[in-house]
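**Q** mmCIF, C-alpha atoms (C1' of nucleotides), saved as final-v6.cif, coming up:
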data_start
#
loop_
_atom_site.label_atom_id
_atom_site.label_comp_id
_atom_site.auth_asym_id
_atom_site.auth_seq_id
_atom_site.Cartn_x
_atom_site.Cartn_y
_atom_site.Cartn_z
CA MET A 1443 141.44 -118.39 143.05
CA ALA A 1444 138.86 -120.41 144.93
CA ARG A 1445 135.79 -121.55 143.03
CA ALA A 1446 132.35 -120.53 144.10
CA GLY A 1447 130.74 -123.91 143.44
CA LEU A 1448 128.01 -122.69 141.18
CA THR A 1449 125.49 -125.05 139.67
CA ALA A 1450 122.29 -124.39 137.79
CA GLU A 1451 120.31 -125.71 140.75
CA ARG A 1452 122.02 -123.54 143.35
CA LEU A 1453 121.61 -120.52 141.11
CA ALA A 1454 117.94 -121.24 140.61
CA ARG A 1455 117.36 -121.66 144.33
CA ALA A 1456 119.18 -118.43 145.09
CA GLY A 1457 117.18 -116.80 142.32
CA ALA A 1458 113.98 -117.93 143.99
CA GLU A 1459 115.09 -116.39 147.28
CA LEU A 1460 116.03 -113.22 145.48
CA ALA A 1461 112.61 -113.14 143.83
CA ASP A 1462 110.91 -113.33 147.21
CA GLU A 1463 113.06 -110.50 148.50
CA VAL A 1464 112.93 -108.02 145.64
CA GLY A 1465 110.20 -109.31 143.33
CA PHE A 1466 110.38 -111.66 140.39
CA GLU A 1467 110.60 -108.75 137.92
CA GLN A 1468 113.78 -107.57 139.60
CA VAL A 1469 115.53 -110.91 139.34
CA THR A 1470 118.45 -110.39 137.01
CA VAL A 1471 121.53 -112.34 136.06
CA SER A 1472 123.63 -109.46 137.34
CA ALA A 1473 121.95 -109.33 140.72
CA LEU A 1474 122.38 -113.07 141.08
CA ALA A 1475 126.09 -112.81 140.25
CA ARG A 1476 126.49 -110.11 142.90
CA ARG A 1477 124.82 -112.40 145.42
CA PHE A 1478 127.45 -115.08 144.75
CA ASP A 1479 130.23 -112.49 144.58
CA VAL A 1480 131.11 -113.66 141.12
CA LYS A 1481 131.36 -112.02 137.71
CA VAL A 1482 128.22 -111.99 135.59
CA ALA A 1483 129.74 -113.95 132.73
CA SER A 1484 130.45 -116.85 135.07
CA LEU A 1485 126.78 -117.63 135.35
CA TYR A 1486 126.55 -118.32 131.66
CA SER A 1487 128.44 -121.57 132.13
CA HIS A 1488 125.46 -122.82 134.11
CA LEU A 1489 122.51 -120.91 132.66
CA LYS A 1490 121.70 -120.57 128.99
CA ASN A 1491 120.42 -117.03 129.49
CA SER A 1492 118.09 -114.89 131.53
CA HIS A 1493 115.02 -116.74 130.28
CA ASP A 1494 116.56 -120.01 131.40
CA LEU A 1495 117.04 -118.63 134.91
CA LYS A 1496 113.47 -117.39 135.12
CA THR A 1497 112.16 -120.67 133.81
CA ARG A 1498 114.04 -122.58 136.49
CA ILE A 1499 112.64 -120.33 139.20
CA ALA A 1500 109.16 -120.82 137.78
CA LEU A 1501 109.62 -124.59 137.90
CA ILE A 1502 110.68 -124.38 141.54
CA GLY A 1503 107.55 -122.41 142.33
CA LEU A 1504 105.26 -124.79 140.48
CA GLN A 1505 106.83 -127.79 142.15
CA GLU A 1506 106.78 -126.43 145.68
CA LEU A 1507 103.20 -125.37 145.19
CA ALA A 1508 102.22 -128.80 143.87
CA ASP A 1509 104.03 -130.54 146.70
CA ARG A 1510 102.27 -128.46 149.30
CA ALA A 1511 98.95 -129.04 147.61
CA ALA A 1512 99.43 -132.80 147.49
CA ASP A 1513 100.29 -132.72 151.18
CA ALA A 1514 97.29 -130.62 152.07
CA LEU A 1515 94.85 -132.75 150.11
CA ALA A 1516 95.94 -136.04 151.63
CA GLY A 1517 93.05 -137.51 153.57
CA ARG A 1518 90.66 -134.65 152.90
CA SER A 1519 87.57 -134.35 150.76
CA GLY A 1520 84.63 -132.08 150.12
CA LYS A 1521 84.78 -128.59 151.51
CA ASP A 1522 87.69 -129.56 153.69
CA ALA A 1523 89.73 -130.35 150.59
CA LEU A 1524 88.52 -127.25 148.78
CA THR A 1525 89.62 -125.01 151.63
CA ALA A 1526 92.91 -126.79 152.05
CA LEU A 1527 93.84 -126.45 148.38
CA ALA A 1528 92.75 -122.84 148.25
CA ASN A 1529 94.79 -121.97 151.31
CA VAL A 1530 97.87 -123.61 149.89
CA TYR A 1531 97.80 -121.10 147.05
CA ARG A 1532 97.07 -118.12 149.21
CA ASP A 1533 99.57 -119.00 151.91
CA TYR A 1534 102.30 -119.80 149.43
CA ALA A 1535 101.76 -116.54 147.60
CA ARG A 1536 101.99 -114.61 150.85
CA GLU A 1537 105.07 -116.45 152.08
CA HIS A 1538 106.81 -116.50 148.71
CA PRO A 1539 105.45 -113.71 146.53
CA GLY A 1540 108.41 -113.86 144.16
CA ARG A 1541 108.14 -117.59 143.62
CA TYR A 1542 104.39 -117.28 143.19
CA ALA A 1543 104.86 -114.62 140.53
CA ALA A 1544 107.48 -116.84 138.92
CA ALA A 1545 104.98 -119.70 138.76
CA GLN A 1546 102.97 -117.48 136.40
CA TYR A 1547 105.94 -117.05 134.07
CA ARG A 1548 105.02 -118.12 130.56
CA LEU A 1549 106.70 -121.45 129.77
CA ASP A 1550 107.17 -122.94 126.34
CA PRO A 1551 104.69 -125.78 125.76
CA GLU A 1552 107.20 -128.64 126.16
CA THR A 1553 108.56 -127.24 129.41
CA ALA A 1554 105.06 -126.65 130.69
CA ALA A 1555 104.02 -130.19 129.83
CA ALA A 1556 106.96 -131.59 131.79
CA SER A 1557 106.40 -129.25 134.75
CA ALA A 1558 104.46 -129.68 137.96
CA GLY A 1559 101.80 -127.51 136.35
CA VAL A 1560 99.92 -130.56 135.18
CA ARG A 1561 99.65 -131.83 138.76
CA HIS A 1562 97.81 -128.65 139.69
CA ALA A 1563 94.98 -129.33 137.28
CA GLN A 1564 94.83 -132.93 138.50
CA MET A 1565 94.56 -131.85 142.11
CA THR A 1566 91.80 -129.36 141.43
CA ARG A 1567 89.99 -132.22 139.69
CA ALA A 1568 90.59 -134.39 142.72
CA VAL A 1569 88.90 -131.81 144.93
CA LEU A 1570 85.89 -131.85 142.64
CA ARG A 1571 85.47 -135.56 143.12
CA GLY A 1572 83.94 -134.63 146.46
CA TYR A 1573 81.14 -132.94 144.58
CA ASP A 1574 78.64 -134.34 142.17
CA LEU A 1575 79.82 -132.98 138.84
CA THR A 1576 80.13 -134.77 135.53
CA GLU A 1577 81.86 -133.68 132.35
CA PRO A 1578 81.89 -131.15 130.88
CA ASP A 1579 80.78 -129.32 134.02
CA GLN A 1580 83.71 -130.69 135.92
CA THR A 1581 86.11 -129.01 133.52
CA HIS A 1582 84.18 -125.77 133.71
CA ALA A 1583 84.41 -125.96 137.49
CA VAL A 1584 88.15 -126.71 137.36
CA ARG A 1585 88.63 -123.56 135.33
CA LEU A 1586 86.40 -121.49 137.58
CA LEU A 1587 88.18 -122.63 140.72
CA GLY A 1588 91.57 -121.96 139.18
CA SER A 1589 90.40 -118.50 138.21
CA VAL A 1590 89.15 -117.68 141.67
CA PHE A 1591 92.27 -118.94 143.42
CA HIS A 1592 94.64 -117.19 141.08
CA GLY A 1593 92.52 -114.08 140.72
CA TYR A 1594 91.95 -113.55 144.42
CA VAL A 1595 95.55 -114.18 145.35
CA SER A 1596 96.82 -111.87 142.60
CA LEU A 1597 94.53 -109.03 143.51
CA GLU A 1598 95.27 -109.43 147.20
CA LEU A 1599 99.00 -109.50 146.57
CA ALA A 1600 98.70 -106.41 144.40
CA GLY A 1601 97.16 -104.65 147.39
CA GLY A 1602 93.68 -104.53 145.93
CA PHE A 1603 91.90 -105.48 149.13
CA SER A 1604 94.08 -103.82 151.70
CA HIS A 1605 93.13 -100.77 153.69
CA SER A 1606 89.43 -101.45 153.31
CA ALA A 1607 86.86 -103.22 155.42
CA PRO A 1608 86.01 -106.00 155.84
CA ASP A 1609 89.27 -107.83 156.27
CA SER A 1610 90.54 -109.68 153.21
CA ALA A 1611 90.82 -112.91 155.19
CA GLU A 1612 87.10 -112.74 155.87
CA SER A 1613 86.23 -112.23 152.22
CA TRP A 1614 88.45 -115.16 151.37
CA ALA A 1615 86.69 -117.43 153.86
CA ARG A 1616 83.25 -116.35 152.70
CA SER A 1617 84.24 -116.77 149.06
CA LEU A 1618 85.24 -120.34 149.79
CA ASP A 1619 81.92 -120.89 151.58
CA ALA A 1620 80.21 -119.56 148.49
CA LEU A 1621 82.22 -121.75 146.12
CA ASP A 1622 81.44 -124.79 148.23
CA ALA A 1623 77.74 -123.97 148.09
CA LEU A 1624 78.00 -123.41 144.36
CA LEU A 1625 79.70 -126.74 143.73
CA ARG A 1626 77.12 -128.58 145.82
CA ASN A 1627 74.40 -126.89 143.83
CA TRP A 1628 75.86 -126.47 140.36
CA PRO A 1629 73.22 -125.09 138.01
CA ALA A 1630 72.03 -127.25 135.13
CA GLN A 1631 72.70 -126.08 131.60
CA THR A 1632 70.12 -123.41 130.78
CA MET B 1303 115.27 -79.88 111.69
CA ALA B 1304 111.54 -80.52 111.80
CA ARG B 1305 109.95 -81.29 115.13
CA ALA B 1306 108.15 -84.53 115.73
CA GLY B 1307 105.35 -83.01 117.78
CA LEU B 1308 105.73 -85.22 120.81
CA THR B 1309 103.52 -84.85 123.82
CA ALA B 1310 103.09 -87.02 126.87
CA GLU B 1311 99.63 -88.00 125.66
CA ARG B 1312 100.73 -89.00 122.16
CA LEU B 1313 103.60 -90.97 123.62
CA ALA B 1314 101.31 -92.76 126.03
CA ARG B 1315 98.84 -93.63 123.28
CA ALA B 1316 101.61 -94.93 121.06
CA GLY B 1317 102.95 -96.84 124.04
CA ALA B 1318 99.57 -98.48 124.48
CA GLU B 1319 99.56 -99.57 120.84
CA LEU B 1320 103.09 -100.86 121.21
CA ALA B 1321 102.03 -102.80 124.30
CA ASP B 1322 99.26 -104.51 122.35
CA GLU B 1323 101.70 -105.42 119.61
CA VAL B 1324 104.68 -106.69 121.56
CA GLY B 1325 103.43 -107.06 125.12
CA PHE B 1326 103.47 -104.61 128.00
CA GLU B 1327 106.73 -106.04 129.36
CA GLN B 1328 108.45 -105.17 126.11
CA VAL B 1329 107.37 -101.54 126.13
CA THR B 1330 110.51 -99.50 126.54
CA VAL B 1331 111.42 -95.86 126.20
CA SER B 1332 113.89 -96.85 123.48
CA ALA B 1333 111.34 -98.76 121.44
CA LEU B 1334 108.94 -95.85 121.70
CA ALA B 1335 111.63 -93.43 120.50
CA ARG B 1336 112.30 -95.70 117.52
CA ARG B 1337 108.61 -95.67 116.70
CA PHE B 1338 108.65 -91.87 116.50
CA ASP B 1339 112.02 -91.86 114.74
CA VAL B 1340 113.45 -89.68 117.42
CA LYS B 1341 116.36 -89.98 119.82
CA VAL B 1342 115.69 -91.59 123.17
CA ALA B 1343 116.69 -88.59 125.22
CA SER B 1344 114.02 -86.53 123.53
CA LEU B 1345 111.29 -88.47 125.26
CA TYR B 1346 112.56 -87.35 128.63
CA SER B 1347 111.26 -83.86 127.98
CA HIS B 1348 107.75 -85.31 128.06
CA LEU B 1349 108.06 -88.32 130.35
CA LYS B 1350 109.67 -88.31 133.77
CA ASN B 1351 111.02 -91.81 133.27
CA SER B 1352 110.09 -95.33 132.26
CA HIS B 1353 107.77 -95.75 135.24
CA ASP B 1354 105.93 -92.60 134.20
CA LEU B 1355 105.37 -94.03 130.72
CA LYS B 1356 104.06 -97.32 132.07
CA THR B 1357 101.80 -95.53 134.52
CA ARG B 1358 100.28 -93.47 131.72
CA ILE B 1359 99.62 -96.59 129.68
CA ALA B 1360 98.05 -98.23 132.71
CA LEU B 1361 95.76 -95.24 133.17
CA ILE B 1362 94.67 -95.46 129.53
CA GLY B 1363 93.81 -99.12 130.02
CA LEU B 1364 91.89 -98.50 133.23
CA GLN B 1365 89.95 -95.65 131.68
CA GLU B 1366 89.06 -97.42 128.44
CA LEU B 1367 87.99 -100.44 130.44
CA ALA B 1368 85.84 -98.34 132.75
CA ASP B 1369 84.28 -96.47 129.82
CA ARG B 1370 83.37 -99.69 128.08
CA ALA B 1371 81.97 -101.10 131.31
CA ALA B 1372 79.82 -98.03 131.94
CA ASP B 1373 78.50 -98.30 128.41
CA ALA B 1374 77.76 -102.00 128.72
CA LEU B 1375 75.97 -101.63 132.04
CA ALA B 1376 73.64 -98.86 130.90
CA GLY B 1377 70.10 -100.12 131.04
CA ARG B 1378 70.97 -103.61 132.20
CA SER B 1379 70.49 -105.40 135.48
CA GLY B 1380 70.64 -108.84 137.01
CA LYS B 1381 72.33 -111.56 135.03
CA ASP B 1382 72.25 -109.41 131.95
CA ALA B 1383 74.42 -106.83 133.69
CA LEU B 1384 76.69 -109.48 135.17
CA THR B 1385 77.36 -111.00 131.77
CA ALA B 1386 77.83 -107.63 130.12
CA LEU B 1387 80.40 -106.49 132.67
CA ALA B 1388 82.24 -109.79 132.57
CA ASN B 1389 82.42 -109.73 128.80
CA VAL B 1390 83.80 -106.21 128.80
CA TYR B 1391 86.83 -107.47 130.69
CA ARG B 1392 87.30 -110.57 128.61
CA ASP B 1393 86.78 -108.86 125.28
CA TYR B 1394 89.02 -105.96 126.16
CA ALA B 1395 91.79 -108.29 127.28
CA ARG B 1396 91.57 -110.21 124.04
CA GLU B 1397 91.47 -107.12 121.85
CA HIS B 1398 94.10 -105.23 123.82
CA PRO B 1399 96.27 -107.68 125.75
CA GLY B 1400 99.01 -105.12 126.28
CA ARG B 1401 96.68 -102.48 127.65
CA TYR B 1402 94.98 -105.08 129.83
CA ALA B 1403 98.34 -106.13 131.26
CA ALA B 1404 99.14 -102.46 131.77
CA ALA B 1405 95.93 -102.01 133.75
CA GLN B 1406 97.44 -104.43 136.28
CA TYR B 1407 100.56 -102.28 136.67
CA ARG B 1408 101.09 -101.36 140.30
CA LEU B 1409 100.23 -97.68 140.82
CA ASP B 1410 101.22 -95.56 143.77
CA PRO B 1411 98.25 -94.99 146.09
CA GLU B 1412 97.60 -91.37 145.08
CA THR B 1413 97.66 -92.19 141.37
CA ALA B 1414 95.42 -95.19 141.93
CA ALA B 1415 92.93 -93.12 143.91
CA ALA B 1416 92.70 -90.61 141.07
CA SER B 1417 92.44 -93.30 138.39
CA ALA B 1418 89.47 -94.95 136.77
CA GLY B 1419 90.22 -97.92 139.01
CA VAL B 1420 87.74 -96.70 141.57
CA ARG B 1421 84.95 -96.74 138.97
CA HIS B 1422 85.54 -100.44 138.45
CA ALA B 1423 84.70 -101.29 142.03
CA GLN B 1424 81.64 -99.05 141.84
CA MET B 1425 80.39 -100.78 138.72
CA THR B 1426 80.82 -104.24 140.16
CA ARG B 1427 78.79 -103.02 143.10
CA ALA B 1428 76.19 -101.69 140.71
CA VAL B 1429 75.82 -105.13 139.18
CA LEU B 1430 75.26 -106.59 142.60
CA ARG B 1431 72.32 -104.27 143.20
CA GLY B 1432 70.41 -106.68 140.96
CA TYR B 1433 70.87 -109.34 143.62
CA ASP B 1434 69.75 -109.46 147.18
CA LEU B 1435 72.97 -108.95 149.09
CA THR B 1436 73.64 -106.76 152.09
CA GLU B 1437 76.92 -105.74 153.67
CA PRO B 1438 79.35 -107.26 154.36
CA ASP B 1439 78.36 -109.97 151.90
CA GLN B 1440 78.15 -107.44 149.11
CA THR B 1441 81.80 -106.58 149.57
CA HIS B 1442 82.75 -110.24 149.70
CA ALA B 1443 80.86 -110.74 146.43
CA VAL B 1444 82.55 -107.73 144.83
CA ARG B 1445 85.91 -109.25 145.63
CA LEU B 1446 84.88 -112.69 144.43
CA LEU B 1447 83.57 -111.34 141.13
CA GLY B 1448 86.69 -109.28 140.59
CA SER B 1449 88.79 -112.35 141.27
CA VAL B 1450 86.89 -114.50 138.80
CA PHE B 1451 86.96 -111.90 136.05
CA HIS B 1452 90.62 -111.12 136.48
CA GLY B 1453 91.64 -114.69 137.16
CA TYR B 1454 89.82 -116.22 134.25
CA VAL B 1455 90.97 -113.59 131.79
CA SER B 1456 94.57 -113.85 132.97
CA LEU B 1457 94.70 -117.61 132.75
CA GLU B 1458 93.01 -117.62 129.38
CA LEU B 1459 95.39 -114.97 128.05
CA ALA B 1460 98.33 -116.95 129.37
CA GLY B 1461 97.14 -119.85 127.27
CA GLY B 1462 95.98 -121.92 130.22
CA PHE B 1463 92.76 -123.09 128.61
CA SER B 1464 93.80 -123.39 125.01
CA HIS B 1465 94.27 -126.64 123.17
CA SER B 1466 91.92 -128.50 125.48
CA ALA B 1467 88.25 -129.35 125.35
CA PRO B 1468 85.72 -128.00 126.02
CA ASP B 1469 86.13 -124.62 124.43
CA SER B 1470 87.16 -121.81 126.75
CA ALA B 1471 84.22 -119.71 125.63
CA GLU B 1472 81.90 -122.40 126.88
CA SER B 1473 83.56 -122.58 130.29
CA TRP B 1474 83.30 -118.82 130.49
CA ALA B 1475 79.57 -118.87 129.76
CA ARG B 1476 78.94 -121.66 132.23
CA SER B 1477 81.02 -119.96 134.88
CA LEU B 1478 78.88 -116.86 134.52
CA ASP B 1479 75.74 -119.01 134.79
CA ALA B 1480 77.20 -120.45 137.95
CA LEU B 1481 78.09 -117.05 139.41
CA ASP B 1482 74.58 -115.80 138.68
CA ALA B 1483 73.10 -118.79 140.46
CA LEU B 1484 75.49 -118.24 143.36
CA LEU B 1485 74.56 -114.58 143.74
CA ARG B 1486 70.85 -115.38 143.66
CA ASN B 1487 71.45 -117.97 146.34
CA TRP B 1488 74.29 -116.58 148.43
CA PRO B 1489 74.89 -118.84 151.44
CA ALA B 1490 74.25 -117.45 154.91
CA GLN B 1491 77.15 -117.12 157.31
CA THR B 1492 77.86 -120.58 158.69
"C1'" DC C 1178 108.70 -57.86 110.83
"C1'" DT C 1179 112.33 -58.50 114.14
"C1'" DC C 1180 114.42 -59.79 118.16
"C1'" DA C 1181 114.27 -62.23 122.65
"C1'" DT C 1182 112.53 -66.04 124.90
"C1'" DT C 1183 110.90 -70.47 125.35
"C1'" DT C 1184 110.68 -75.01 124.00
"C1'" DG C 1185 111.86 -79.34 121.50
"C1'" DC C 1186 114.88 -82.40 119.92
"C1'" DC C 1187 119.77 -83.09 119.53
"C1'" DT C 1188 124.70 -84.87 121.00
"C1'" DA C 1189 127.44 -86.60 124.58
"C1'" DT C 1190 127.99 -89.22 128.47
"C1'" DA C 1191 127.48 -92.59 132.21
"C1'" DA C 1192 125.80 -96.59 134.46
"C1'" DG C 1193 123.31 -101.08 134.49
"C1'" DT C 1194 122.10 -105.40 132.09
"C1'" DA C 1195 122.55 -109.40 128.67
"C1'" DT C 1196 125.46 -112.09 126.09
"C1'" DT C 1197 129.60 -114.11 123.62
"C1'" DA C 1198 134.61 -115.30 122.97
"C1'" DG C 1199 138.71 -116.69 124.61
"C1'" DG C 1200 142.17 -117.48 128.59
"C1'" DC C 1201 144.22 -119.40 132.70
"C1'" DA C 1202 144.18 -121.90 136.75
"C1'" DA C 1203 141.84 -125.22 139.91
"C1'" DG C 1204 140.13 -129.67 140.14
"C1'" DT C 1205 139.88 -134.78 138.16
"C1'" DG C 1206 141.46 -139.18 136.35
"C1'" DC C 1207 145.00 -142.10 135.14
"C1'" DG D 762 152.91 -136.16 138.14
"C1'" DC D 763 150.74 -135.12 133.88
"C1'" DA D 764 146.90 -134.44 130.61
"C1'" DC D 765 142.42 -133.10 130.47
"C1'" DT D 766 138.24 -130.94 131.79
"C1'" DT D 767 135.83 -127.53 133.89
"C1'" DG D 768 134.98 -123.09 136.31
"C1'" DC D 769 135.47 -118.58 136.76
"C1'" DC D 770 137.97 -114.81 134.77
"C1'" DT D 771 138.86 -110.60 131.47
"C1'" DA D 772 137.47 -108.32 127.41
"C1'" DA D 773 134.25 -106.75 124.19
"C1'" DT D 774 129.66 -105.63 122.12
"C1'" DA D 775 125.05 -104.17 122.24
"C1'" DC D 776 120.91 -102.36 124.37
"C1'" DT D 777 118.38 -99.74 127.92
"C1'" DT D 778 117.68 -95.99 131.30
"C1'" DA D 779 118.83 -91.49 132.59
"C1'" DT D 780 121.08 -86.69 132.96
"C1'" DA D 781 123.36 -82.41 131.18
"C1'" DG D 782 124.03 -79.05 128.05
"C1'" DG D 783 123.48 -77.07 123.20
"C1'" DC D 784 121.33 -75.30 118.99
"C1'" DA D 785 117.53 -74.36 116.19
"C1'" DA D 786 112.58 -73.92 115.60
"C1'" DA D 787 108.38 -72.02 117.33
"C1'" DT D 788 106.30 -68.14 119.82
"C1'" DG D 789 105.20 -63.62 121.11
"C1'" DA D 790 106.06 -58.55 122.29
"C1'" DG D 791 107.14 -54.42 120.39
#
Give the structure from this file in structure tokens form.
**A**
Amino acid sequence: MARAGLTAERLARAGAELADEVGFEQVTVSALARRFDVKVASLYSHLKNSHDLKTRIALIGLQELADRAADALAGRSGKDALTALANVYRDYAREHPGRYAAAQYRLDPETAAASAGVRHAQMTRAVLRGYDLTEPDQTHAVRLLGSVFHGYVSLELAGGFSHSAPDSAESWARSLDALDALLRNWPAQT
Amino acid sequence: MARAGLTAERLARAGAELADEVGFEQVTVSALARRFDVKVASLYSHLKNSHDLKTRIALIGLQELADRAADALAGRSGKDALTALANVYRDYAREHPGRYAAAQYRLDPETAAASAGVRHAQMTRAVLRGYDLTEPDQTHAVRLLGSVFHGYVSLELAGGFSHSAPDSAESWARSLDALDALLRNWPAQT
DNA sequence: CTCATTTGCCTATAAGTATTAGGCAAGTGC
DNA sequence: GCACTTGCCTAATACTTATAGGCAAATGAG
């Protein structure tokens, strides 16, 4: 019988697509096997287990997100960079909700350290170079920005801001205005 | 044979405890049955299904959170209120990570409308009465605050800020300082 | 107090998912 | 053309969700 040509990479990519279609929670080894018209056990030659599959999808999400962010930041600074980075997260989450959810999947420390996750922190720091912040305030600001990006995108994706005025896109834009103003005028330690 | 005295409420409360112990994802009808030393099928007399159980746990989380918030806000205003509300979320998430995760569980619109979720938005709005914001900026600020609270707490719970200086508690305090400054000086529409 | 009814937890069953062990045939290298 | 490796298979086990039907414990009417 003909072989399906499975590899860990192809499975992970298909898993990422599946996640976008049905949600990351619903990604299962069985569903993936069905998609390749192959028996479930066959996947275990390529994937250690279900956790392995989810981890690989998470890594795809983190990497695509980091790649987009690096692209968007090239040649920009200040508020322009802030907006660009923020929109990378929001747009990616809207285009690829499953992958975005996957990027939140808890990785073991070694995997996380080797992932594109570290580039994300670096890029947020790069945006802050356009503002006049020194340590430790820069780190505080990195964490605040990360929280806003992730928090807003999560709540929006969960439907928190839908069906109510004003439009979510407007709140997003005004929130970025506000963050820009805040970073330009970061309060001194009280 | 003696009856175990199951009710939907007792099951939901035990489910909430289980969630805090092993994580909301790991809460299962089977595990709950084991905890009551009862057969799985018995739970289905009290719970419609697994989704029903998770929904009930989510409602417990939302309600406890709202109760704590109402308590914390009583008699406070301005930055004092902002800090109090923010700390309710952070403290609750740290004390009850499973319940906090449950509070993020996606509810159907009718259930959500009848839940304590609506009180949360009202209380955030109440905090903003201590600042000089008019619509639509007030709504933008509500959404921004919600994003920061949820985003920061999520990332911190996921371990994002651990094992790195400065201390996460310090970033949290400084982020709240910054939000207070931002709300007192909200930028005009550009 | 007794009998009928309701209710609670049970057994049995079925389907979906995760995972491991072992087999056979399709590809690969010499 | 043959030995070897590798890929997908069947088979089996265990766990979870969910439904149906049964028996015994609580409840309540007389």
**Q** For this structure, which residues satisfy the selection - the PyMOL selection byres ((chain C) within 9 of (chain B)) - when it is evaluated on the file as given? I want them as a ChimeraX atom specification.
**A** /C:1185-1187
**Q** Which residues of chain A come within 10 Å of chain B, and for each one, what is the closest pair of atoms and their distance in Å to one decimal, counting only C-alpha atoms, sorted by chain and residue number, as a tab-separated table?
**A**
residue	atom	partner	partner_atom	distance
A:Glu1467	CA	B:Glu1327	CA	9.8
A:Gln1546	CA	B:Ala1460	CA	8.4
A:Tyr1547	CA	B:Ala1460	CA	8.9
A:Arg1548	CA	B:Ala1460	CA	6.9
A:Leu1549	CA	B:Ala1460	CA	9.5
A:Pro1551	CA	B:Gly1461	CA	9.7
A:Glu1577	CA	B:Pro1468	CA	9.3
A:Pro1578	CA	B:Pro1468	CA	6.9
A:Asp1579	CA	B:Arg1476	CA	8.1
A:Gln1580	CA	B:Ser1473	CA	9.9
A:Thr1581	CA	B:Pro1468	CA	7.6
A:His1582	CA	B:Ser1473	CA	4.7
A:Ala1583	CA	B:Ser1477	CA	7.4
A:Val1584	CA	B:Ser1473	CA	9.4
A:Arg1585	CA	B:Ser1473	CA	7.2
A:Leu1586	CA	B:Ser1477	CA	6.2
A:Leu1587	CA	B:Val1450	CA	8.5
A:Gly1588	CA	B:Gly1453	CA	7.5
A:Ser1589	CA	B:Gly1453	CA	4.1
A:Val1590	CA	B:Val1450	CA	4.8
A:Phe1591	CA	B:Gly1453	CA	7.6
A:His1592	CA	B:Gly1453	CA	5.5
A:Gly1593	CA	B:Gly1453	CA	3.7
A:Tyr1594	CA	B:Ser1449	CA	4.6
A:Val1595	CA	B:Ser1449	CA	8.1
A:Ser1596	CA	B:Gly1453	CA	8.0
A:Leu1597	CA	B:Ser1449	CA	7.0
A:Glu1598	CA	B:Ser1449	CA	9.3
A:Ala1600	CA	B:Arg1408	CA	6.9
A:Gly1601	CA	B:Arg1408	CA	8.7
A:Gly1602	CA	B:Arg1445	CA	9.1
A:Phe1603	CA	B:Arg1445	CA	7.9
A:Ser1606	CA	B:Thr1441	CA	9.9
A:Ala1607	CA	B:Thr1441	CA	8.4
A:Pro1608	CA	B:Pro1438	CA	6.9
A:Asp1609	CA	B:His1442	CA	9.6
A:Ser1610	CA	B:His1442	CA	8.6
A:Glu1612	CA	B:His1442	CA	8.0
A:Ser1613	CA	B:His1442	CA	4.7
A:Trp1614	CA	B:His1442	CA	7.7
A:Ala1615	CA	B:His1442	CA	9.2
A:Arg1616	CA	B:His1442	CA	6.8
A:Ser1617	CA	B:Leu1446	CA	6.2
A:Leu1618	CA	B:Leu1446	CA	9.3
A:Asp1619	CA	B:Pro1489	CA	7.3
A:Ala1620	CA	B:Pro1489	CA	6.1
A:Leu1621	CA	B:Leu1484	CA	8.1
A:Asp1622	CA	B:Pro1489	CA	9.4
A:Ala1623	CA	B:Pro1489	CA	6.8
A:Leu1624	CA	B:Leu1484	CA	5.8
A:Leu1625	CA	B:Ala1480	CA	8.9
A:Asn1627	CA	B:Leu1484	CA	8.7
A:Trp1628	CA	B:Ala1480	CA	6.6
A:Pro1629	CA	B:Ala1480	CA	6.1
A:Ala1630	CA	B:Ala1480	CA	9.0
A:Gln1631	CA	B:Arg1476	CA	7.7
A:Thr1632	CA	B:Asp1479	CA	8.2
**Q** Using all atoms listed in the file, I'd like a table of the residues in chain D that come within 8 Å of chain B; for each, show the closest atom pair and its distance in Å rounded to one decimal, ordered by chain and ascending number, as a Markdown table.
**A**
| residue | atom | partner | partner_atom | distance |
| --- | --- | --- | --- | --- |
| D:DT777 | C1' | B:Ser1332 | CA | 6.9 |
| D:DT778 | C1' | B:Ser1352 | CA | 7.7 |
| D:DA779 | C1' | B:Asn1351 | CA | 7.8 |
| D:DA785 | C1' | B:Met1303 | CA | 7.5 |
| D:DA786 | C1' | B:Met1303 | CA | 7.6 |
**Q** Going by the chain IDs and residue numbers used in this file, which residues fall under the PyMOL selection byres ((chain A and resi 1504) around 9)? Write them as a list in words.
**A**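 This file, filtered by the PyMOL selection byres ((chain A and resi 1504) around 9), leaves Ile1499, Ala1500, Leu1501, Ile1502, Gly1503, Gln1505, Glu1506, Leu1507, Ala1508, Asp1509, Arg1541, Tyr1542, Ala1544, Ala1545, Gln1546, Ser1557, Ala1558, Gly1559 and His1562 of chain A.
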**Q** Translate the PyMOL selection byres ((chain C and resi 1182) around 10), as applied to the file shown, into an explicit residue set as JSON, numbers by chain.
**A** {"C": [1180, 1181, 1183, 1184], "D": [788, 789]}
**Q** In Å, rounded to a single decimal, give me how far CA of Leu1489 in chain A is from C1' of DC1201 in chain C.
**A**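 Those two atoms sit 21.8 Å apart.
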**Q** Excluding DG1200 in chain C and its own-chain neighbours fewer than 3 positions away, which residues fall within 12 Å of it when counting all atoms listed in the file? Please give them as a ChimeraX atom specification.
**A** /D:768-772
**Q** CA of Arg1536 in chain A and CA of Val1469 in chain A are how many Å apart?
**A**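 Taking CA of Arg1536 in chain A and CA of Val1469 in chain A, their separation equals 18.2 Å.
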**Q** I want to know what sits within 12 Å of DA781 in chain D, based on all atoms listed in the file, with residues of the same chain fewer than 5 positions away left out; could you give that as a list in words?
**A**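 Selected residues are Ala1343 of chain B; DT1188, DA1189, DT1190 and DA1191 of chain C.
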